[in-house]
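The file upload28.cif comes next; it holds mmCIF, C-alpha atoms and all ligand atoms.
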data_upload
loop_
_atom_site.label_atom_id
_atom_site.label_comp_id
_atom_site.auth_asym_id
_atom_site.auth_seq_id
_atom_site.Cartn_x
_atom_site.Cartn_y
_atom_site.Cartn_z
CA MET A 1 11.44 28.11 0.20
CA GLN A 2 14.85 27.56 -1.45
CA PRO A 3 15.55 23.93 -2.33
CA GLY A 4 18.09 22.29 -0.02
CA HIS A 5 19.20 18.77 0.80
CA ALA A 6 16.93 15.88 1.91
CA GLU A 7 17.83 12.58 3.56
CA ILE A 8 15.05 10.03 3.07
CA VAL A 9 14.67 6.92 5.22
CA GLY A 10 13.18 3.94 3.36
CA ALA A 11 12.99 3.01 -0.34
CA GLY A 12 9.30 1.99 -0.31
CA PHE A 13 6.41 3.75 -2.05
CA GLY A 14 6.56 6.79 0.25
CA GLY A 15 10.32 7.27 0.25
CA LEU A 16 10.77 6.86 -3.49
CA VAL A 17 7.94 9.23 -4.43
CA ALA A 18 9.29 11.82 -1.99
CA ALA A 19 12.71 11.39 -3.63
CA ILE A 20 11.38 11.96 -7.15
CA ALA A 21 9.15 14.88 -6.21
CA LEU A 22 11.83 16.69 -4.19
CA ALA A 23 14.56 16.07 -6.78
CA GLU A 24 12.26 17.43 -9.49
CA ARG A 25 11.82 20.57 -7.38
CA GLY A 26 15.56 21.19 -7.23
CA TRP A 27 16.52 19.37 -4.01
CA THR A 28 19.52 17.12 -3.67
CA VAL A 29 18.23 13.82 -2.34
CA ARG A 30 19.69 10.68 -0.79
CA VAL A 31 17.52 7.66 0.03
CA HIS A 32 18.66 5.16 2.69
CA GLU A 33 17.40 1.59 2.46
CA ARG A 34 18.48 -0.81 5.16
CA ARG A 35 18.06 -3.87 2.93
CA ASP A 36 20.60 -4.85 0.31
CA THR A 37 18.05 -4.47 -2.49
CA LEU A 38 14.60 -3.07 -3.29
CA ARG A 39 11.71 -4.89 -1.62
CA GLY A 40 11.32 -8.23 -3.37
CA GLU A 41 7.72 -9.33 -2.89
CA GLY A 42 5.57 -9.22 -6.03
CA TYR A 43 2.09 -8.71 -4.66
CA GLY A 44 -0.80 -7.11 -6.53
CA ILE A 45 -1.23 -3.40 -6.00
CA ALA A 46 -4.56 -1.90 -7.14
CA ILE A 47 -4.10 1.23 -9.22
CA HIS A 48 -6.66 3.88 -8.33
CA LYS A 49 -7.04 7.31 -9.88
CA ASN A 50 -4.90 9.03 -7.24
CA MET A 51 -1.97 6.73 -7.98
CA ALA A 52 -2.52 7.00 -11.73
CA HIS A 53 -2.22 10.81 -11.47
CA ILE A 54 1.10 10.45 -9.67
CA PHE A 55 2.54 7.94 -12.13
CA SER A 56 1.29 10.05 -15.00
CA SER A 57 2.97 13.16 -13.55
CA PHE A 58 6.24 11.21 -13.42
CA GLY A 59 5.76 10.00 -17.00
CA ILE A 60 5.73 6.32 -16.00
CA LEU A 61 2.02 5.39 -16.07
CA ASP A 62 2.23 3.28 -19.23
CA ALA A 63 5.34 1.49 -17.96
CA VAL A 64 3.60 0.81 -14.61
CA LEU A 65 0.51 -0.61 -16.31
CA ALA A 66 2.65 -2.84 -18.50
CA GLY A 67 3.68 -4.74 -15.36
CA GLY A 68 0.29 -6.11 -14.38
CA MET A 69 -3.21 -7.07 -15.45
CA LYS A 70 -6.42 -5.29 -16.25
CA ILE A 71 -9.23 -6.94 -14.32
CA ASP A 72 -12.63 -6.88 -16.02
CA ARG A 73 -14.94 -7.73 -13.14
CA ARG A 74 -15.07 -8.57 -9.47
CA ASP A 75 -17.27 -11.46 -8.30
CA SER A 76 -18.26 -11.82 -4.65
CA VAL A 77 -18.98 -15.48 -3.93
CA ASP A 78 -20.39 -17.28 -0.90
CA SER A 79 -19.01 -20.35 0.85
CA ARG A 80 -20.41 -22.64 -1.88
CA GLY A 81 -18.92 -20.64 -4.69
CA GLN A 82 -22.23 -19.05 -5.74
CA VAL A 83 -21.79 -15.55 -7.11
CA VAL A 84 -23.81 -13.20 -4.88
CA MET A 85 -22.69 -10.00 -6.54
CA THR A 86 -20.78 -9.10 -9.65
CA ARG A 87 -19.31 -5.69 -10.29
CA LYS A 88 -17.42 -4.13 -13.16
CA THR A 89 -14.02 -2.93 -12.01
CA ASP A 90 -14.29 0.47 -13.72
CA ARG A 91 -12.88 2.27 -10.69
CA SER A 92 -9.58 0.44 -10.32
CA PRO A 93 -9.25 -2.12 -13.07
CA TYR A 94 -5.48 -2.63 -12.82
CA ARG A 95 -3.58 -4.93 -10.46
CA ILE A 96 0.13 -4.43 -10.80
CA ASP A 97 3.09 -6.34 -9.47
CA ARG A 98 4.47 -4.42 -6.51
CA GLN A 99 8.09 -5.14 -7.30
CA HIS A 100 7.60 -3.80 -10.81
CA ILE A 101 6.26 -0.46 -9.51
CA ILE A 102 9.00 -0.10 -6.91
CA ALA A 103 11.69 -0.80 -9.53
CA LEU A 104 10.22 1.85 -11.86
CA LEU A 105 10.00 4.42 -9.07
CA ALA A 106 13.63 3.75 -8.11
CA GLU A 107 14.74 4.14 -11.73
CA ARG A 108 12.76 7.38 -12.00
CA ALA A 109 14.24 8.68 -8.74
CA ARG A 110 17.77 8.06 -10.01
CA ALA A 111 16.93 9.73 -13.32
CA ALA A 112 15.75 12.78 -11.36
CA GLY A 113 19.14 12.87 -9.63
CA ALA A 114 18.45 11.07 -6.34
CA GLU A 115 21.01 8.70 -4.84
CA ILE A 116 19.73 5.40 -3.39
CA ARG A 117 22.02 3.76 -0.85
CA PHE A 118 21.42 0.12 0.10
CA ASN A 119 22.60 -1.52 3.35
CA SER A 120 22.19 1.92 4.87
CA HIS A 121 20.43 1.60 8.21
CA VAL A 122 19.27 4.86 9.79
CA VAL A 123 19.27 4.47 13.57
CA SER A 124 18.03 7.91 14.58
CA ALA A 125 16.97 11.33 13.30
CA ASP A 126 17.55 14.69 14.93
CA PRO A 127 14.71 17.25 14.64
CA ALA A 128 17.39 19.95 14.29
CA GLY A 129 18.21 18.38 10.89
CA ALA A 130 20.43 15.27 10.82
CA ILE A 131 20.31 11.50 10.61
CA SER A 132 22.64 8.93 12.14
CA LEU A 133 23.56 5.64 10.47
CA SER A 134 24.39 2.30 12.06
CA ASP A 135 28.04 2.71 10.98
CA GLY A 136 28.27 5.82 13.17
CA GLN A 137 28.02 8.47 10.40
CA ARG A 138 26.00 11.59 11.17
CA LEU A 139 24.59 13.38 8.13
CA PRO A 140 23.32 16.95 8.59
CA THR A 141 20.43 17.93 6.33
CA ASP A 142 17.70 20.50 5.69
CA LEU A 143 14.90 17.94 5.61
CA VAL A 144 14.45 14.35 6.83
CA VAL A 145 11.65 12.24 5.37
CA ALA A 146 10.93 9.23 7.58
CA ALA A 147 9.19 6.70 5.33
CA ASP A 148 10.45 3.70 7.27
CA GLY A 149 7.28 1.62 7.31
CA ILE A 150 4.76 0.36 9.82
CA ASN A 151 7.29 -0.33 12.59
CA SER A 152 9.02 3.02 12.12
CA ALA A 153 11.89 3.39 14.59
CA ILE A 154 12.09 7.12 13.90
CA ARG A 155 8.41 7.66 14.79
CA GLU A 156 9.00 5.80 18.07
CA GLN A 157 12.20 7.66 18.83
CA LEU A 158 10.41 11.01 18.34
CA GLY A 159 7.48 9.96 20.57
CA LEU A 160 4.98 10.85 17.83
CA LEU A 161 2.69 7.83 18.16
CA LYS A 162 -0.84 8.75 19.29
CA ASP A 163 -2.82 5.55 18.58
CA ARG A 164 -1.90 2.09 17.45
CA ILE A 165 -5.25 0.37 16.97
CA TRP A 166 -4.86 -3.38 16.53
CA GLY A 167 -7.57 -4.94 14.40
CA ARG A 168 -9.21 -8.27 15.11
CA ASP A 169 -7.96 -9.46 11.73
CA CYS A 170 -4.76 -10.44 10.01
CA GLY A 171 -3.74 -11.28 6.47
CA VAL A 172 -1.13 -12.76 4.20
CA ARG A 173 -0.29 -12.07 0.55
CA ILE A 174 1.04 -14.75 -1.75
CA ASN A 175 1.48 -15.35 -5.47
CA ILE A 176 0.95 -18.70 -7.20
CA PRO A 177 1.52 -19.69 -10.82
CA ARG A 178 -1.46 -19.77 -13.19
CA ARG A 179 -2.20 -22.78 -15.35
CA PRO A 180 -2.42 -22.56 -19.18
CA GLU A 181 -6.20 -23.24 -19.10
CA GLU A 182 -6.70 -20.38 -16.62
CA ILE A 183 -4.76 -18.03 -18.85
CA ALA A 184 -6.80 -19.17 -21.87
CA GLU A 185 -10.03 -18.54 -19.93
CA ASP A 186 -9.20 -14.81 -19.87
CA ASP A 187 -9.86 -14.59 -23.61
CA ARG A 188 -13.23 -16.28 -23.28
CA SER A 189 -14.80 -14.59 -20.26
CA GLY A 190 -12.46 -11.79 -19.19
CA THR A 191 -10.16 -11.47 -16.19
CA VAL A 192 -11.92 -11.84 -12.85
CA MET A 193 -11.16 -10.96 -9.26
CA ILE A 194 -12.84 -13.36 -6.84
CA GLU A 195 -13.71 -12.27 -3.33
CA ALA A 196 -15.20 -14.84 -0.93
CA TRP A 197 -16.25 -14.37 2.70
CA ALA A 198 -17.28 -17.12 5.14
CA ASP A 199 -16.72 -17.92 8.82
CA ARG A 200 -14.82 -14.68 9.36
CA ARG A 201 -12.38 -15.71 6.67
CA ARG A 202 -11.83 -13.98 3.36
CA VAL A 203 -10.15 -15.05 0.15
CA LEU A 204 -9.39 -12.57 -2.59
CA TYR A 205 -7.51 -13.50 -5.73
CA CYS A 206 -6.95 -12.33 -9.27
CA PRO A 207 -4.28 -12.50 -11.95
CA VAL A 208 -1.47 -10.04 -11.26
CA THR A 209 0.61 -10.98 -14.29
CA LYS A 210 -0.26 -13.29 -17.12
CA GLY A 211 1.56 -16.11 -15.35
CA GLU A 212 0.62 -15.50 -11.70
CA PHE A 213 -2.33 -15.14 -9.36
CA TYR A 214 -2.13 -12.73 -6.45
CA VAL A 215 -3.94 -14.06 -3.37
CA LEU A 216 -4.86 -12.21 -0.18
CA LEU A 217 -6.12 -14.35 2.71
CA THR A 218 -7.56 -12.74 5.82
CA CYS A 219 -9.01 -14.15 9.04
CA THR A 220 -9.32 -13.24 12.70
CA VAL A 221 -6.14 -13.22 14.76
CA THR A 222 -7.67 -15.85 17.06
CA ASP A 223 -8.17 -18.22 14.11
CA THR A 224 -4.80 -19.86 14.68
CA ALA A 225 -5.71 -22.90 12.57
CA ALA A 226 -6.14 -20.65 9.51
CA ALA A 227 -3.29 -18.18 10.03
CA THR A 228 -0.43 -20.59 9.40
CA SER A 229 2.53 -20.53 7.01
CA PRO A 230 2.02 -22.49 4.83
CA ILE A 231 -1.74 -22.71 5.10
CA ASP A 232 -3.54 -25.97 5.83
CA PRO A 233 -5.85 -26.61 2.82
CA GLU A 234 -8.24 -28.71 4.94
CA VAL A 235 -8.76 -25.85 7.41
CA TRP A 236 -9.52 -23.30 4.69
CA ALA A 237 -11.68 -25.76 2.72
CA ARG A 238 -13.95 -26.09 5.77
CA SER A 239 -15.09 -22.52 5.00
CA PHE A 240 -14.78 -22.67 1.20
CA PRO A 241 -15.12 -26.34 0.10
CA HIS A 242 -15.17 -25.50 -3.60
CA MET A 243 -11.73 -23.88 -3.32
CA HIS A 244 -9.95 -26.93 -1.91
CA PRO A 245 -7.79 -27.51 -5.03
CA LEU A 246 -6.77 -23.85 -4.97
CA PHE A 247 -5.74 -24.06 -1.30
CA VAL A 248 -3.58 -27.09 -2.09
CA ARG A 249 -1.86 -25.08 -4.79
CA MET A 250 -1.34 -22.20 -2.38
CA ARG A 251 0.25 -24.54 0.16
CA ASP A 252 2.49 -26.18 -2.40
CA GLU A 253 3.39 -23.38 -4.79
CA ALA A 254 3.62 -20.10 -2.84
CA ASP A 255 6.92 -18.74 -1.56
CA TRP A 256 6.05 -19.16 2.15
CA PRO A 257 9.43 -18.16 3.59
CA GLN A 258 8.83 -14.71 1.99
CA SER A 259 5.19 -14.48 3.12
CA HIS A 260 4.22 -13.25 6.55
CA TRP A 261 0.87 -12.95 8.28
CA ALA A 262 0.38 -9.30 9.16
CA HIS A 263 -1.80 -8.30 12.10
CA PHE A 264 -3.72 -5.33 10.70
CA GLN A 265 -3.37 -2.05 12.50
CA THR A 266 -4.20 1.59 12.23
CA ILE A 267 -1.49 4.09 13.11
CA ARG A 268 -2.25 7.69 14.05
CA LEU A 269 0.33 10.24 15.11
CA LYS A 270 0.10 13.28 17.40
CA ARG A 271 1.47 15.21 14.42
CA TRP A 272 3.17 14.22 11.19
CA SER A 273 6.39 16.16 11.80
CA SER A 274 8.95 17.17 14.37
CA GLY A 275 11.42 19.97 13.69
CA ARG A 276 12.88 19.24 10.25
CA ILE A 277 11.55 15.67 10.13
CA ALA A 278 8.38 14.69 8.22
CA VAL A 279 6.93 11.22 8.83
CA LEU A 280 4.79 9.62 6.10
CA GLY A 281 3.49 6.37 4.66
CA ASP A 282 2.79 3.42 6.94
CA ALA A 283 5.08 5.01 9.53
CA ALA A 284 2.52 7.81 10.00
CA HIS A 285 -0.80 6.37 8.87
CA ALA A 286 -0.84 2.58 8.36
CA MET A 287 -4.28 1.15 7.68
CA PRO A 288 -5.87 -2.28 7.08
CA PRO A 289 -5.60 -3.17 3.40
CA TYR A 290 -9.29 -3.67 2.52
CA LEU A 291 -9.55 -0.57 0.33
CA ALA A 292 -6.09 -1.19 -1.15
CA GLN A 293 -5.02 2.37 -0.41
CA GLY A 294 -1.98 2.11 1.89
CA ALA A 295 0.55 2.57 -0.89
CA GLY A 296 -1.65 5.18 -2.57
CA HIS A 297 -1.70 7.33 0.56
CA ALA A 298 2.03 6.88 1.13
CA MET A 299 2.64 8.22 -2.40
CA MET A 300 0.02 11.00 -2.22
CA ASN A 301 1.40 12.31 1.04
CA ALA A 302 4.97 12.14 -0.24
CA LEU A 303 4.07 14.19 -3.31
CA GLY A 304 1.98 16.57 -1.20
CA LEU A 305 4.94 17.10 1.11
CA ALA A 306 7.26 18.05 -1.76
CA ALA A 307 4.62 20.47 -3.10
CA ALA A 308 4.16 22.09 0.33
CA VAL A 309 7.91 22.42 0.89
CA HIS A 310 8.22 24.03 -2.53
CA ASP A 311 5.37 26.50 -1.98
CA ALA A 312 5.77 27.52 1.69
CA PRO A 313 8.19 30.19 2.96
CA ASP A 314 9.85 27.85 5.49
CA ILE A 315 9.83 24.25 6.67
CA GLU A 316 7.53 24.88 9.62
CA ALA A 317 4.87 26.52 7.45
CA ALA A 318 5.28 23.74 4.87
CA PHE A 319 4.65 20.99 7.42
CA ILE A 320 1.58 22.78 8.81
CA GLN A 321 0.12 23.31 5.33
CA TRP A 322 0.90 19.70 4.32
CA GLU A 323 -0.65 18.04 7.34
CA ARG A 324 -3.74 20.28 7.24
CA ARG A 325 -4.32 19.40 3.60
CA GLU A 326 -3.56 15.68 3.58
CA ARG A 327 -4.43 14.34 7.02
CA PRO A 328 -8.25 14.59 6.80
CA LEU A 329 -8.16 12.64 3.53
CA THR A 330 -5.93 9.96 5.02
CA GLU A 331 -8.04 9.60 8.16
CA HIS A 332 -11.17 9.32 6.01
CA THR A 333 -9.69 6.26 4.27
CA GLN A 334 -8.44 4.82 7.56
CA ARG A 335 -12.01 4.95 8.94
CA TRP A 336 -13.65 3.45 5.85
CA THR A 337 -11.14 0.67 5.33
CA ARG A 338 -11.64 -0.41 8.95
CA LEU A 339 -15.39 -0.33 8.44
CA TYR A 340 -15.05 -2.53 5.37
CA GLY A 341 -13.01 -4.99 7.42
CA THR A 342 -15.68 -5.23 10.12
CA THR A 343 -17.95 -6.90 7.53
CA MET A 344 -16.03 -10.05 8.41
CA PHE A 345 -17.43 -9.96 11.94
CA LEU A 346 -21.09 -9.49 11.01
CA PRO A 347 -23.54 -12.38 11.35
CA LYS A 348 -24.59 -13.85 7.98
CA PRO A 349 -27.92 -12.02 7.41
CA LEU A 350 -26.39 -8.69 8.37
CA LYS A 351 -23.43 -9.33 6.12
CA LYS A 352 -25.73 -9.78 3.13
CA ALA A 353 -27.61 -6.60 4.06
CA TRP A 354 -24.34 -4.69 4.39
CA ILE A 355 -23.17 -5.85 0.96
CA ARG A 356 -26.38 -4.31 -0.41
CA ILE A 357 -25.90 -1.10 1.60
CA GLU A 358 -22.41 -0.78 0.14
CA LYS A 359 -23.97 -0.42 -3.27
CA LEU A 360 -25.83 2.77 -2.23
CA PRO A 361 -24.22 5.66 -4.08
CA TRP A 362 -23.31 7.63 -0.93
CA VAL A 363 -21.63 4.65 0.74
CA ALA A 364 -19.85 3.61 -2.45
CA ALA A 365 -18.61 7.19 -2.83
CA GLN A 366 -17.08 7.20 0.67
CA TYR A 367 -15.05 4.10 -0.12
CA VAL A 368 -13.46 5.67 -3.17
CA ARG A 369 -13.42 9.32 -2.14
CA VAL A 370 -9.65 9.57 -1.76
CA ALA A 371 -8.89 6.94 -4.40
CA ASN A 372 -10.50 9.37 -6.86
CA HIS A 373 -8.78 12.44 -5.44
CA VAL A 374 -6.31 14.37 -7.59
CA PRO A 375 -3.17 14.51 -5.42
CA THR A 376 -1.69 17.87 -4.53
CA GLY A 377 1.47 18.33 -6.58
CA SER A 378 0.26 16.18 -9.44
CA THR A 379 0.85 17.78 -12.81
CA ALA A 380 -1.00 15.22 -14.93
CA ALA A 381 -4.19 16.50 -16.52
CA SER A 382 -6.36 13.42 -16.48
CA PRO A 383 -4.77 10.01 -16.54
CA PRO A 384 -6.10 8.11 -19.54
CA LEU A 385 -6.72 4.81 -17.79
CA LEU A 386 -9.83 5.42 -15.70
C1 LIG A 401 -1.74 -7.93 3.62
C2 LIG A 401 -1.54 -6.55 3.04
C3 LIG A 401 -2.06 -6.22 1.77
C4 LIG A 401 -1.88 -4.93 1.22
N1 LIG A 401 -2.39 -4.65 -0.02
C5 LIG A 401 -2.26 -3.40 -0.52
C6 LIG A 401 -2.81 -3.02 -1.82
O1 LIG A 401 -3.39 -3.82 -2.54
N2 LIG A 401 -2.69 -1.74 -2.22
C7 LIG A 401 -2.04 -0.80 -1.47
O2 LIG A 401 -1.97 0.37 -1.89
N3 LIG A 401 -1.50 -1.11 -0.28
C8 LIG A 401 -1.58 -2.37 0.21
N4 LIG A 401 -1.02 -2.67 1.41
C9 LIG A 401 -0.33 -1.61 2.16
C10 LIG A 401 1.02 -1.25 1.55
O3 LIG A 401 1.83 -2.42 1.45
C11 LIG A 401 1.70 -0.20 2.43
O4 LIG A 401 0.79 0.81 2.77
C12 LIG A 401 2.89 0.43 1.73
O5 LIG A 401 3.86 -0.55 1.43
C13 LIG A 401 3.49 1.52 2.60
O6 LIG A 401 4.60 2.08 1.95
P1 LIG A 401 5.73 2.81 2.79
O7 LIG A 401 6.68 3.39 1.79
O8 LIG A 401 5.13 3.69 3.81
O9 LIG A 401 6.44 1.64 3.64
P2 LIG A 401 7.17 0.31 3.18
O10 LIG A 401 6.69 -0.18 1.88
O11 LIG A 401 7.08 -0.60 4.36
O12 LIG A 401 8.69 0.76 3.00
C14 LIG A 401 9.52 1.10 4.09
C15 LIG A 401 10.98 0.88 3.67
O13 LIG A 401 11.82 1.42 4.68
C16 LIG A 401 12.90 0.54 4.91
N5 LIG A 401 13.39 0.83 6.28
C17 LIG A 401 12.72 0.61 7.44
N6 LIG A 401 13.45 1.05 8.48
C18 LIG A 401 14.60 1.57 7.96
C19 LIG A 401 15.75 2.18 8.55
N7 LIG A 401 15.85 2.36 9.87
N8 LIG A 401 16.76 2.59 7.74
C20 LIG A 401 16.66 2.42 6.37
N9 LIG A 401 15.59 1.84 5.77
C21 LIG A 401 14.57 1.43 6.55
C22 LIG A 401 12.26 -0.84 4.75
O14 LIG A 401 13.23 -1.85 4.50
C23 LIG A 401 11.32 -0.60 3.55
O15 LIG A 401 11.96 -0.85 2.33
C24 LIG A 401 -1.17 -3.95 1.96
C25 LIG A 401 -0.63 -4.27 3.22
C26 LIG A 401 -0.79 -5.55 3.75
C27 LIG A 401 -0.20 -5.88 5.11
#

Would you write the structure of this file as structure tokens?
Amino acid sequence: MQPGHAEIVGAGFGGLVAAIALAERGWTVRVHERRDTLRGEGYGIAIHKNMAHIFSSFGILDAVLAGGMKIDRRDSVDSRGQVVMTRKTDRSPYRIDRQHIIALLAERARAAGAEIRFNSHVVSADPAGAISLSDGQRLPTDLVVAADGINSAIREQLGLLKDRIWGRDCGVRINIPRRPEEIAEDDRSGTVMIEAWADRRRVLYCPVTKGEFYVLLTCTVTDTAAATSPIDPEVWARSFPHMHPLFVRMRDEADWPQSHWAHFQTIRLKRWSSGRIAVLGDAAHAMPPYLAQGAGHAMMNALGLAAAVHDAPDIEAAFIQWERRERPLTEHTQRWTRLYGTTMFLPKPLKKAWIRIEKLPWVAAQYVRVANHVPTGSTAASPPLL
């Protein structure tokens, strides 16, 4: 197919990777972001092999890794703080500041020739090949990429939603400053990610930069005492008494106005495209965050789309090829990340048994199957990090 012009909705992981990959394949590209700036939250994104291949293909892997921390091990602890399992983090040792990655992708997209327009709100997309903006402009185009996030208006407008499966769980991401003694501890015993489960609540935290911890709290949606902004340290300490001082710090030091509890959901579409519009990222296939693969899949599917559009004779054939190739991988991760989340609802003895089952090679392999996948369209040989 001859390169043409693409209008991309959303400057998140999916939209920016689509912009780079299409621009590199000769397309003219414009990205519309409704906010006045790139997304500001600095949460920890786990870098798996699939992402590393993409960053490496774009020549930005080293720069990406410079914006985060290498984590040496992951300790699972019980409600009293006893370590029940310790694992090396060979598979995805890096946690990187989200804002840092997004800024690098945007810079790379501009270098490839893409235009990024802020305060540009897309109100609708026409399958015949056009988008309409809130200021009344209509922009004809050869390809629309709708990467407008979990509440995608374009997906809704096109009637593409098949399932929206609400989980029983919700979560919030925050960052808090690290203390000098915590930073010094890294040199003595290595950087550690702590994961604790109790009473259907989960706490996961690790350094995301030298000066900050990234924290992910999850609980059931009915646990209204726990799911508050800011959190109540007494409520959380009932499940994890040894973490009380940490909960106080979270309450006092996190940027709560910027932090929202998200009710986890799985999105599945009837199909990933309509006419000249491709839908990708959370808009097409949101998933609970337990396997830390939402952003990875948004990027993989964006790159895969550009590759399919480049290789196929026309847009229709490209979309068919793209969805056939990528969708089974995405749905695999959606299933396994939901399964991981259900651990929270198991009674205590079963939970312990399940943690052991997860160590079985076949089960462990299912969790990381797509994280280890080499994305279609990636040109990197073998990223050096993993
Ligand atoms: C609690 C939690 C923890 C998570 N942890 C991880 C993790 O560790 N690793 C990981 O890989 N993933 C994680 N995720 C998932 C990850 O955040 C998403 O999968 C990822 O951000 C999806 O990228 P996207 O580009 O599809 O959408 P988004 O990042 O949501 O980007 C969409 C963009 O589109 C813009 N937009 C929306 N509508 C319009 C419009 N009409 N016009 C113009 N612009 C528009 C938005 O402003 C936004 O900038 C987590 C999610 C949650 C809720």

Checklist entry - What's the 6 Å shell around segment 153-165 of chain A, counting all atoms listed in the file, without same-chain residues fewer than 5 positions away, as number ranges by chain? => result A: 265-270

Checklist entry - Excluding same-chain residues fewer than 5 positions from segment 282-294 of chain A, what lies within 8 Å of it counting all atoms listed in the file, as a list in words? => result Ile45, Ala46, Ala146, Ala147, Asp148, Gly149, Ile150, Asn151, Ser152, Arg155, Gly167, Phe264, Gln265, Thr266, Ile267, Arg268, Leu269, Trp272, Thr330, Glu331, Thr333, Gln334, Trp336, Thr337, Arg338, Tyr340, Gly341, Tyr367 and Ala371 of chain A

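Here the question is which of A:Val84, A:Val122, A:Leu143, A:Met300 gets nearest to ligand LIG 401 (chain A) using only C-alpha atoms and all ligand atoms, and that residue is A:Val122.
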
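The nearest approach to ligand LIG 401 (chain A) among the residues A:Phe55, A:Trp261, A:Phe247, A:Trp197, with all atoms listed in the file taken into account, belongs to A:Trp261.
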
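Atom C8 of ligand LIG 401 (chain A) is found 11.5 Å from atom CA of Ala262 of chain A.
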